[in-house]
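**Student:** Just passing along the structure, written as structure tokens.
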Amino acid sequence: MSLVTSGYLFNFVFHPLRFFTRQAEGQRPFFMSAGSGIALAAVVFPAAALLRTRLPADSWLMMLAHAFASAVGVPHATKLLLTLVAAIVLDNALNLASVRLVRGRRSTHLMSFGGKAKTRARCVYDTLTERHGTPMAQLLRRAADQQKLVMLTLKSRKLYCGRIFQVSSDIDSAEACLKIPPSF
């Protein structure tokens with residue numbers, strides 16, 4: 001359970017994985033979390049074993065790990081806790097480089113929208129929407145970036161024409177919304 005939780009934290013905080021997790025349906029997000037948790041454990045467990053051989057037994061870190069393991073009656077409790085901590089630390093470290101990871105060399109500048117710079121998450125979501133999004137999501141994203149006029153018709157037969165002010169990152173979900181100041 002700890003590995004699935006750490007995988008869920010990793011998928012929830014790391015921007016590119018959050019994009020793909022939101023698009024997943026059914027049991028797929030659970031299996032994505034389990035896979036990420038196993039991948040984290042594959043890194044943390046050997047690192048903890050290596051650290052254990054390198055540190056002296058009377059160091060404060062080893063005594064803290066022993067006290068935690070004796071307080072929690074779960075095998076490998078310290079390693080499981082380290083997996084949770086590694087998920088959070090690795091997420092934040094990878095989020096700093098997420099724009100560069102997704103965009104490559106073109107990431108030297110953050111695109112601006114309405115005179116203000118986009119956040120890292122917004123840049124990652126926009127790039128991934130352009131590459132992997134549905135045609136509707138790509139169209140709305142492009143219209144918002146280029147400030148093009150769009151015309152939308154609702155089921156109630158109301159017609160809106162205007163510039164898209166904001167597009168939610170999960171545009172394909174049922175709860176998605178658009179902000180359109182109507183032109184006419």
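Identifiers in this document derive from the order of the structure tokens: chains are assigned A, B, ..., residues are numbered from 1 separately in each chain, and ligands are numbered from 1 in order of occurrence.
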Which polymer residues have any atom within 10 Å of an atom of A:Arg142, counting only C-alpha atoms, with same-chain residues fewer than 4 positions away left out, as JSON, numbers by chain?

**Tutor:** {"A": [126, 129, 130, 136, 137, 138, 146, 147, 148, 164]}

**Student:** Output as an MDAnalysis selection string all residues of chain A that backbone DSSP marks as alpha helix (DSSP H).

**Tutor:** chainID A and resid 2:13 15:23 28:54 60:71 77:96 98:103 120:132 135:146

**Student:** Between atom CA of A:Phe14 and atom CA of A:Arg52, what is the distance in Å, rounded to a tenth?

**Tutor:**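 These two atoms are separated by 28.7 Å.
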
**Student:** Could you tell me how far atom CA of A:Asp145 lies from atom CA of A:Asn11, in Å and to one decimal?

**Tutor:**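 These atoms are spaced 26.5 Å apart.
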
**Student:** Could you tell me how far atom CA of A:Leu81 sits from atom CA of A:Ala67, in Å to one decimal place?

**Tutor:**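 Interatomic distance, atom CA of A:Ala67 to atom CA of A:Leu81: 13.0 Å.
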